[in-house]
$ cat input28.pdb   # PDB, C-alpha atoms and all ligand atoms
MODEL        1
ATOM      1  CA  MET A   1      16.500  -3.088 -54.480
ATOM      2  CA  LEU A   2      18.277  -4.839 -51.675
ATOM      3  CA  THR A   3      17.805  -1.792 -49.473
ATOM      4  CA  HIS A   4      14.094  -1.715 -50.265
ATOM      5  CA  ARG A   5      13.717  -5.417 -49.442
ATOM      6  CA  ARG A   6      15.664  -4.954 -46.240
ATOM      7  CA  LEU A   7      13.385  -2.067 -45.257
ATOM      8  CA  GLN A   8      10.361  -4.211 -46.004
ATOM      9  CA  LEU A   9      11.765  -6.989 -43.872
ATOM     10  CA  ILE A  10      12.445  -4.619 -41.011
ATOM     11  CA  SER A  11       8.937  -3.162 -41.113
ATOM     12  CA  ILE A  12       7.358  -6.636 -41.221
ATOM     13  CA  LEU A  13       9.550  -7.704 -38.345
ATOM     14  CA  SER A  14       8.692  -4.661 -36.252
ATOM     15  CA  VAL A  15       4.943  -5.147 -36.802
ATOM     16  CA  PHE A  16       5.351  -8.780 -35.774
ATOM     17  CA  LEU A  17       7.320  -7.766 -32.697
ATOM     18  CA  SER A  18       4.790  -5.171 -31.584
ATOM     19  CA  PHE A  19       2.010  -7.793 -31.880
ATOM     20  CA  ALA A  20       4.133 -10.263 -29.948
ATOM     21  CA  THR A  21       4.731  -7.701 -27.184
ATOM     22  CA  ALA A  22       1.029  -6.792 -26.985
ATOM     23  CA  GLU A  23       0.203 -10.503 -26.834
ATOM     24  CA  ALA A  24       2.727 -11.055 -24.039
ATOM     25  CA  ARG A  25       1.274  -8.143 -22.094
ATOM     26  CA  LEU A  26      -2.254  -9.482 -22.495
ATOM     27  CA  GLN A  27      -1.187 -12.924 -21.360
ATOM     28  CA  LEU A  28       0.233 -11.569 -18.095
ATOM     29  CA  CYS A  29      -3.126 -10.320 -16.772
ATOM     30  CA  SER A  30      -6.390 -12.214 -16.960
ATOM     31  CA  PRO A  31      -9.220 -10.515 -18.891
ATOM     32  CA  GLN A  32     -10.225  -7.243 -17.229
ATOM     33  CA  THR A  33     -13.367  -8.598 -15.625
ATOM     34  CA  GLN A  34     -12.010  -7.810 -12.158
ATOM     35  CA  ASP A  35     -14.150  -5.301 -10.287
ATOM     36  CA  PRO A  36     -11.566  -3.289  -8.306
ATOM     37  CA  GLU A  37     -13.994  -2.830  -5.407
ATOM     38  CA  GLU A  38     -15.125  -6.458  -5.175
ATOM     39  CA  ASN A  39     -12.746  -7.488  -2.362
ATOM     40  CA  TRP A  40     -13.116  -4.236  -0.506
ATOM     41  CA  ARG A  41     -16.853  -3.555  -0.600
ATOM     42  CA  PRO A  42     -17.591  -5.769   2.449
ATOM     43  CA  LEU A  43     -15.312  -3.510   4.530
ATOM     44  CA  GLY A  44     -17.316  -0.419   3.557
ATOM     45  CA  GLU A  45     -16.048   2.847   2.133
ATOM     46  CA  VAL A  46     -14.218   5.157   4.495
ATOM     47  CA  PRO A  47     -16.713   7.985   5.151
ATOM     48  CA  SER A  48     -15.568  11.437   4.002
ATOM     49  CA  SER A  49     -16.123  12.680   7.579
ATOM     50  CA  LYS A  50     -13.159  10.527   8.670
ATOM     51  CA  LEU A  51     -10.688  11.964   6.163
ATOM     52  CA  ALA A  52      -7.889  14.013   7.697
ATOM     53  CA  THR A  53      -7.692  17.694   6.940
ATOM     54  CA  GLN A  54      -4.392  19.560   6.687
ATOM     55  CA  GLY A  55      -4.954  20.931  10.199
ATOM     56  CA  ASP A  56      -5.170  17.388  11.653
ATOM     57  CA  LEU A  57      -1.775  16.339  10.328
ATOM     58  CA  ARG A  58       1.709  16.464  11.827
ATOM     59  CA  ALA A  59       5.026  15.242  10.459
ATOM     60  CA  ILE A  60       6.508  12.132  12.059
ATOM     61  CA  PRO A  61       9.977  12.698  13.573
ATOM     62  CA  ARG A  62      12.375  11.651  10.823
ATOM     63  CA  GLU A  63      14.210   9.127  12.986
ATOM     64  CA  LEU A  64      11.031   7.040  13.066
ATOM     65  CA  VAL A  65      10.696   7.009   9.271
ATOM     66  CA  GLU A  66      12.321   4.696   6.751
ATOM     67  CA  GLU A  67      15.053   6.640   4.912
ATOM     68  CA  ARG A  68      14.070   9.684   7.005
ATOM     69  CA  ARG A  69      11.383  10.594   4.484
ATOM     70  CA  LEU A  70       8.624  13.132   5.219
ATOM     71  CA  VAL A  71       5.546  11.279   6.441
ATOM     72  CA  ALA A  72       2.545  12.787   8.241
ATOM     73  CA  LEU A  73      -0.057  11.331  10.607
ATOM     74  CA  GLU A  74      -3.147  12.597  12.390
ATOM     75  CA  MET A  75      -2.086  14.131  15.728
ATOM     76  CA  LYS A  76      -3.488  11.556  18.202
ATOM     77  CA  THR A  77      -2.139   8.739  16.028
ATOM     78  CA  LEU A  78       1.281  10.334  16.060
ATOM     79  CA  ASP A  79       1.196  10.700  19.873
ATOM     80  CA  ALA A  80       0.243   7.044  20.236
ATOM     81  CA  LEU A  81       2.946   5.969  17.776
ATOM     82  CA  PHE A  82       5.493   7.981  19.703
ATOM     83  CA  ARG A  83       4.573   6.288  22.989
ATOM     84  CA  MET A  84       4.528   2.868  21.331
ATOM     85  CA  ALA A  85       7.909   3.363  19.632
ATOM     86  CA  ASN A  86       9.462   4.467  22.951
ATOM     87  CA  GLU A  87       8.115   1.381  24.690
ATOM     88  CA  ALA A  88       9.306  -0.891  21.852
ATOM     89  CA  ARG A  89      12.788   0.624  22.094
ATOM     90  CA  LYS A  90      13.000  -0.552  25.724
ATOM     91  CA  SER A  91      12.762  -4.098  24.332
ATOM     92  CA  GLY A  92      15.374  -3.376  21.683
ATOM     93  CA  ILE A  93      12.790  -3.027  18.901
ATOM     94  CA  GLU A  94      13.151  -0.162  16.413
ATOM     95  CA  LEU A  95       9.789   0.599  14.817
ATOM     96  CA  LYS A  96      10.183   2.372  11.483
ATOM     97  CA  VAL A  97       7.336   3.838   9.469
ATOM     98  CA  ALA A  98       7.227   3.362   5.695
ATOM     99  CA  SER A  99       4.015   5.256   4.988
ATOM    100  CA  GLY A 100       1.284   7.181   6.761
ATOM    101  CA  TYR A 101      -1.149   9.788   5.496
ATOM    102  CA  ARG A 102      -1.831  10.008   1.816
ATOM    103  CA  SER A 103      -4.804  11.741   0.219
ATOM    104  CA  ARG A 104      -7.348   9.854  -1.872
ATOM    105  CA  GLU A 105      -5.820  11.543  -4.908
ATOM    106  CA  ALA A 106      -2.376  10.232  -3.947
ATOM    107  CA  GLN A 107      -3.840   6.743  -3.424
ATOM    108  CA  GLN A 108      -5.401   6.894  -6.909
ATOM    109  CA  LYS A 109      -2.085   8.053  -8.383
ATOM    110  CA  LEU A 110      -0.335   5.098  -6.725
ATOM    111  CA  ILE A 111      -2.912   2.729  -8.257
ATOM    112  CA  ASP A 112      -2.595   4.318 -11.713
ATOM    113  CA  GLU A 113       1.200   4.092 -11.603
ATOM    114  CA  LYS A 114       1.189   0.431 -10.571
ATOM    115  CA  LEU A 115      -1.321  -0.486 -13.286
ATOM    116  CA  ALA A 116       0.683   1.466 -15.874
ATOM    117  CA  SER A 117       3.836  -0.384 -14.831
ATOM    118  CA  GLY A 118       2.147  -3.688 -15.691
ATOM    119  CA  VAL A 119       0.848  -4.904 -12.308
ATOM    120  CA  CYS A 120      -2.332  -6.884 -12.966
ATOM    121  CA  PRO A 121      -5.525  -5.552 -11.342
ATOM    122  CA  GLU A 122      -6.322  -8.890  -9.718
ATOM    123  CA  THR A 123      -2.911  -8.824  -7.967
ATOM    124  CA  LEU A 124      -2.926  -5.108  -7.232
ATOM    125  CA  TYR A 125      -6.303  -5.041  -5.500
ATOM    126  CA  GLN A 126      -5.262  -7.823  -3.123
ATOM    127  CA  THR A 127      -3.026  -5.395  -1.256
ATOM    128  CA  VAL A 128      -3.881  -1.911  -2.538
ATOM    129  CA  ALA A 129      -7.252  -0.498  -1.565
ATOM    130  CA  PRO A 130      -9.226   1.501  -4.117
ATOM    131  CA  ALA A 131      -9.053   5.149  -3.010
ATOM    132  CA  LYS A 132     -12.476   5.216  -1.299
ATOM    133  CA  TYR A 133     -11.603   2.142   0.811
ATOM    134  CA  SER A 134      -8.057   3.067   1.843
ATOM    135  CA  THR A 135      -7.623   4.121   5.470
ATOM    136  CA  HIS A 136      -4.445   6.075   4.687
ATOM    137  CA  PRO A 137      -6.403   9.288   3.879
ATOM    138  CA  THR A 138      -7.674   9.310   7.505
ATOM    139  CA  GLY A 139      -4.132   9.951   8.729
ATOM    140  CA  ARG A 140      -4.639   7.070  11.195
ATOM    141  CA  ALA A 141      -3.080   4.287   9.105
ATOM    142  CA  ILE A 142       0.553   3.289   9.387
ATOM    143  CA  ASP A 143       2.577   0.984   7.142
ATOM    144  CA  PHE A 144       5.576  -0.220   9.089
ATOM    145  CA  SER A 145       8.866  -0.874   7.336
ATOM    146  CA  PRO A 146       9.520  -3.109   5.471
ATOM    147  CA  ALA A 147       5.994  -2.734   4.051
ATOM    148  CA  ASN A 148       5.876  -6.191   2.504
ATOM    149  CA  ALA A 149       5.202  -9.804   3.486
ATOM    150  CA  SER A 150       8.676 -10.149   5.049
ATOM    151  CA  PHE A 151       7.564  -7.831   7.869
ATOM    152  CA  ALA A 152       5.755 -10.826   9.384
ATOM    153  CA  GLN A 153       9.159 -12.435  10.057
ATOM    154  CA  THR A 154      10.595  -9.466  11.968
ATOM    155  CA  PRO A 155      10.907  -9.002  15.755
ATOM    156  CA  ALA A 156       9.023  -5.715  15.241
ATOM    157  CA  TYR A 157       5.984  -7.610  13.969
ATOM    158  CA  ARG A 158       6.118 -10.080  16.852
ATOM    159  CA  TRP A 159       6.328  -7.161  19.276
ATOM    160  CA  LEU A 160       3.383  -5.367  17.642
ATOM    161  CA  LYS A 161       1.299  -8.560  17.754
ATOM    162  CA  GLU A 162       1.713  -8.561  21.539
ATOM    163  CA  ASN A 163       1.634  -4.857  22.297
ATOM    164  CA  ALA A 164       0.016  -2.706  19.582
ATOM    165  CA  VAL A 165      -3.527  -3.102  20.923
ATOM    166  CA  GLY A 166      -2.437  -1.577  24.237
ATOM    167  CA  PHE A 167      -1.538   1.616  22.365
ATOM    168  CA  GLY A 168      -4.768   1.696  20.355
ATOM    169  CA  PHE A 169      -3.409   0.146  17.154
ATOM    170  CA  LYS A 170      -5.019  -2.742  15.317
ATOM    171  CA  GLU A 171      -3.668  -4.912  12.508
ATOM    172  CA  THR A 172      -6.198  -4.018   9.831
ATOM    173  CA  TYR A 173      -5.851  -6.869   7.324
ATOM    174  CA  PRO A 174      -4.904  -9.957   9.366
ATOM    175  CA  SER A 175      -4.267 -13.321   7.776
ATOM    176  CA  ALA A 176      -7.679 -14.581   8.801
ATOM    177  CA  ARG A 177      -9.427 -12.432   6.160
ATOM    178  CA  LEU A 178     -10.965 -14.462   3.371
ATOM    179  CA  ASN A 179     -12.458 -11.904   1.026
ATOM    180  CA  GLY A 180      -9.563 -11.676  -1.440
ATOM    181  CA  ILE A 181      -7.555  -9.088   0.462
ATOM    182  CA  ALA A 182      -4.055 -10.297   1.202
ATOM    183  CA  TRP A 183      -2.597 -10.369   4.685
ATOM    184  CA  GLU A 184      -0.840  -7.052   5.307
ATOM    185  CA  PRO A 185       1.220  -7.617   8.459
ATOM    186  CA  TRP A 186       2.733  -4.127   8.052
ATOM    187  CA  HIS A 187      -0.543  -2.133   8.019
ATOM    188  CA  TYR A 188      -2.013  -0.878  11.320
ATOM    189  CA  ASP A 189      -4.803   1.563  12.079
ATOM    190  CA  PHE A 190      -5.156   3.687  15.195
ATOM    191  CA  THR A 191      -8.646   2.776  16.355
ATOM    192  CA  SER A 192      -8.995   4.712  19.624
ATOM    193  CA  PRO A 193     -11.474   7.603  19.535
TER     194      PRO A 193
HETATM  195 ZN    ZN B 201      -1.210   0.524   4.286
ENDMDL
END
$ encode --input "input28.pdb" --output "structure tokens"
Amino acid sequence: MLTHRRLQLISILSVFLSFATAEARLQLCSPQTQDPEENWRPLGEVPSSKLATQGDLRAIPRELVEERRLVALEMKTLDALFRMANEARKSGIELKVASGYRSREAQQKLIDEKLASGVCPETLYQTVAPAKYSTHPTGRAIDFSPANASFAQTPAYRWLKENAVGFGFKETYPSARLNGIAWEPWHYDFTSP
């Protein structure tokens, strides 16, 4: 009898807990009215003709990559990065790359994983482009390390602000943007032909 009542209590408690957890999860994100493309549509989709093919890509020398991971870039972008990193080194600045080429499929996977881990869409789409709008699949986008807001406080960022344009790189999402996309001081695109 006691065992039965205890079991009943446990099952009631677990139902209550699962509701409470679902409720907590719902409260974290606002209702899913967010259109993922809303912030990004004014920038325009990246045309398929600009996507890198396997033949366009080269691996970045590991010493230029955060944790010496394998990262690839489109060839001209890599050349320009190489020249820029050498010049920066003369001023005592070590430029490290956190991320470069990723396919649209990889971008979508990144989005799916972040959403599954509980990141709210309205937060996610401030800094992560929906796959069709991301410039990473062109092979011409670089995220410098650390790829977060703290990058803006680094000497590397201050150096890039002064010098990146001379090497054909442009800060893609500067603080002046007002369309709901957060400032990404770490993200640069190679914009030379
Ligand atoms: Zn980026």
$ resolve_selection --input "input28.pdb" --expression "the PyMOL selection byres (((not hetatm)) within 12 of (chain B and resi 201))" --output "ChimeraX atom specification"
/A:97-102,107,110,126-131,133-148,171-173,182-189
$ write_last_selection --input "input28.pdb" --atoms "C-alpha atoms" --output "PDB file, in the frame of the given file"
ATOM      1  CA  VAL A  97       7.336   3.838   9.469  1.00  0.00           C
ATOM      2  CA  ALA A  98       7.227   3.362   5.695  1.00  0.00           C
ATOM      3  CA  SER A  99       4.015   5.256   4.988  1.00  0.00           C
ATOM      4  CA  GLY A 100       1.284   7.181   6.761  1.00  0.00           C
ATOM      5  CA  TYR A 101      -1.149   9.788   5.496  1.00  0.00           C
ATOM      6  CA  ARG A 102      -1.831  10.008   1.816  1.00  0.00           C
ATOM      7  CA  GLN A 107      -3.840   6.743  -3.424  1.00  0.00           C
ATOM      8  CA  LEU A 110      -0.335   5.098  -6.725  1.00  0.00           C
ATOM      9  CA  GLN A 126      -5.262  -7.823  -3.123  1.00  0.00           C
ATOM     10  CA  THR A 127      -3.026  -5.395  -1.256  1.00  0.00           C
ATOM     11  CA  VAL A 128      -3.881  -1.911  -2.538  1.00  0.00           C
ATOM     12  CA  ALA A 129      -7.252  -0.498  -1.565  1.00  0.00           C
ATOM     13  CA  PRO A 130      -9.226   1.501  -4.117  1.00  0.00           C
ATOM     14  CA  ALA A 131      -9.053   5.149  -3.010  1.00  0.00           C
ATOM     15  CA  TYR A 133     -11.603   2.142   0.811  1.00  0.00           C
ATOM     16  CA  SER A 134      -8.057   3.067   1.843  1.00  0.00           C
ATOM     17  CA  THR A 135      -7.623   4.121   5.470  1.00  0.00           C
ATOM     18  CA  HIS A 136      -4.445   6.075   4.687  1.00  0.00           C
ATOM     19  CA  PRO A 137      -6.403   9.288   3.879  1.00  0.00           C
ATOM     20  CA  THR A 138      -7.674   9.310   7.505  1.00  0.00           C
ATOM     21  CA  GLY A 139      -4.132   9.951   8.729  1.00  0.00           C
ATOM     22  CA  ARG A 140      -4.639   7.070  11.195  1.00  0.00           C
ATOM     23  CA  ALA A 141      -3.080   4.287   9.105  1.00  0.00           C
ATOM     24  CA  ILE A 142       0.553   3.289   9.387  1.00  0.00           C
ATOM     25  CA  ASP A 143       2.577   0.984   7.142  1.00  0.00           C
ATOM     26  CA  PHE A 144       5.576  -0.220   9.089  1.00  0.00           C
ATOM     27  CA  SER A 145       8.866  -0.874   7.336  1.00  0.00           C
ATOM     28  CA  PRO A 146       9.520  -3.109   5.471  1.00  0.00           C
ATOM     29  CA  ALA A 147       5.994  -2.734   4.051  1.00  0.00           C
ATOM     30  CA  ASN A 148       5.876  -6.191   2.504  1.00  0.00           C
ATOM     31  CA  GLU A 171      -3.668  -4.912  12.508  1.00  0.00           C
ATOM     32  CA  THR A 172      -6.198  -4.018   9.831  1.00  0.00           C
ATOM     33  CA  TYR A 173      -5.851  -6.869   7.324  1.00  0.00           C
ATOM     34  CA  ALA A 182      -4.055 -10.297   1.202  1.00  0.00           C
ATOM     35  CA  TRP A 183      -2.597 -10.369   4.685  1.00  0.00           C
ATOM     36  CA  GLU A 184      -0.840  -7.052   5.307  1.00  0.00           C
ATOM     37  CA  PRO A 185       1.220  -7.617   8.459  1.00  0.00           C
ATOM     38  CA  TRP A 186       2.733  -4.127   8.052  1.00  0.00           C
ATOM     39  CA  HIS A 187      -0.543  -2.133   8.019  1.00  0.00           C
ATOM     40  CA  TYR A 188      -2.013  -0.878  11.320  1.00  0.00           C
ATOM     41  CA  ASP A 189      -4.803   1.563  12.079  1.00  0.00           C
TER      42      ASP A 189
END
$ axis_aligned_box --input "input28.pdb" --around "stretch 84-87 of chain A" --padding-each-side "6 Å" --output "AutoDock Vina command-line options"
--center_x 7.0 --center_y 2.9 --center_z 22.2 --size_x 16.9 --size_y 15.1 --size_z 17.1
$ resolve_selection --input "input28.pdb" --expression "the PyMOL selection byres (((chain A and resi 69-82) around 8) and not hetatm)" --output "ChimeraX atom specification"
/A:52,56-60,62,65-68,83-86,99-101,138-141,167-168,190
$ residues_around --input "input28.pdb" --residues "stretch 33-45 of chain A" --least-positions-apart "2" --cutoff "7 Å" --atoms "all atoms listed in the file" --output "PyMOL selection string"
chain A and resi 31+47+121-122+125+130+132-133+179-181
$ closest_residue --input "input28.pdb" --among "A:Asn163, A:Gly55, A:Lys170, A:Ser175" --to "A:Ala149" --atoms "all atoms listed in the file"
A:Ser175
$ atom_distance --input "input28.pdb" --atom1 "atom CA of A:Ala116" --atom2 "atom CA of A:Cys29"
12.4 Å
$ atom_distance --input "input28.pdb" --atom1 "atom CA of A:Ala156" --atom2 "atom CA of A:Glu63"
15.9 Å
$ atom_distance --input "input28.pdb" --atom1 "atom CA of A:Arg104" --atom2 "atom CA of A:Gly166"
28.9 Å
$ closest_residue --input "input28.pdb" --among "A:Ile111, A:Ser30, A:Ser48, A:Arg89" --to "A:Pro155" --atoms "only C-alpha atoms"
A:Arg89
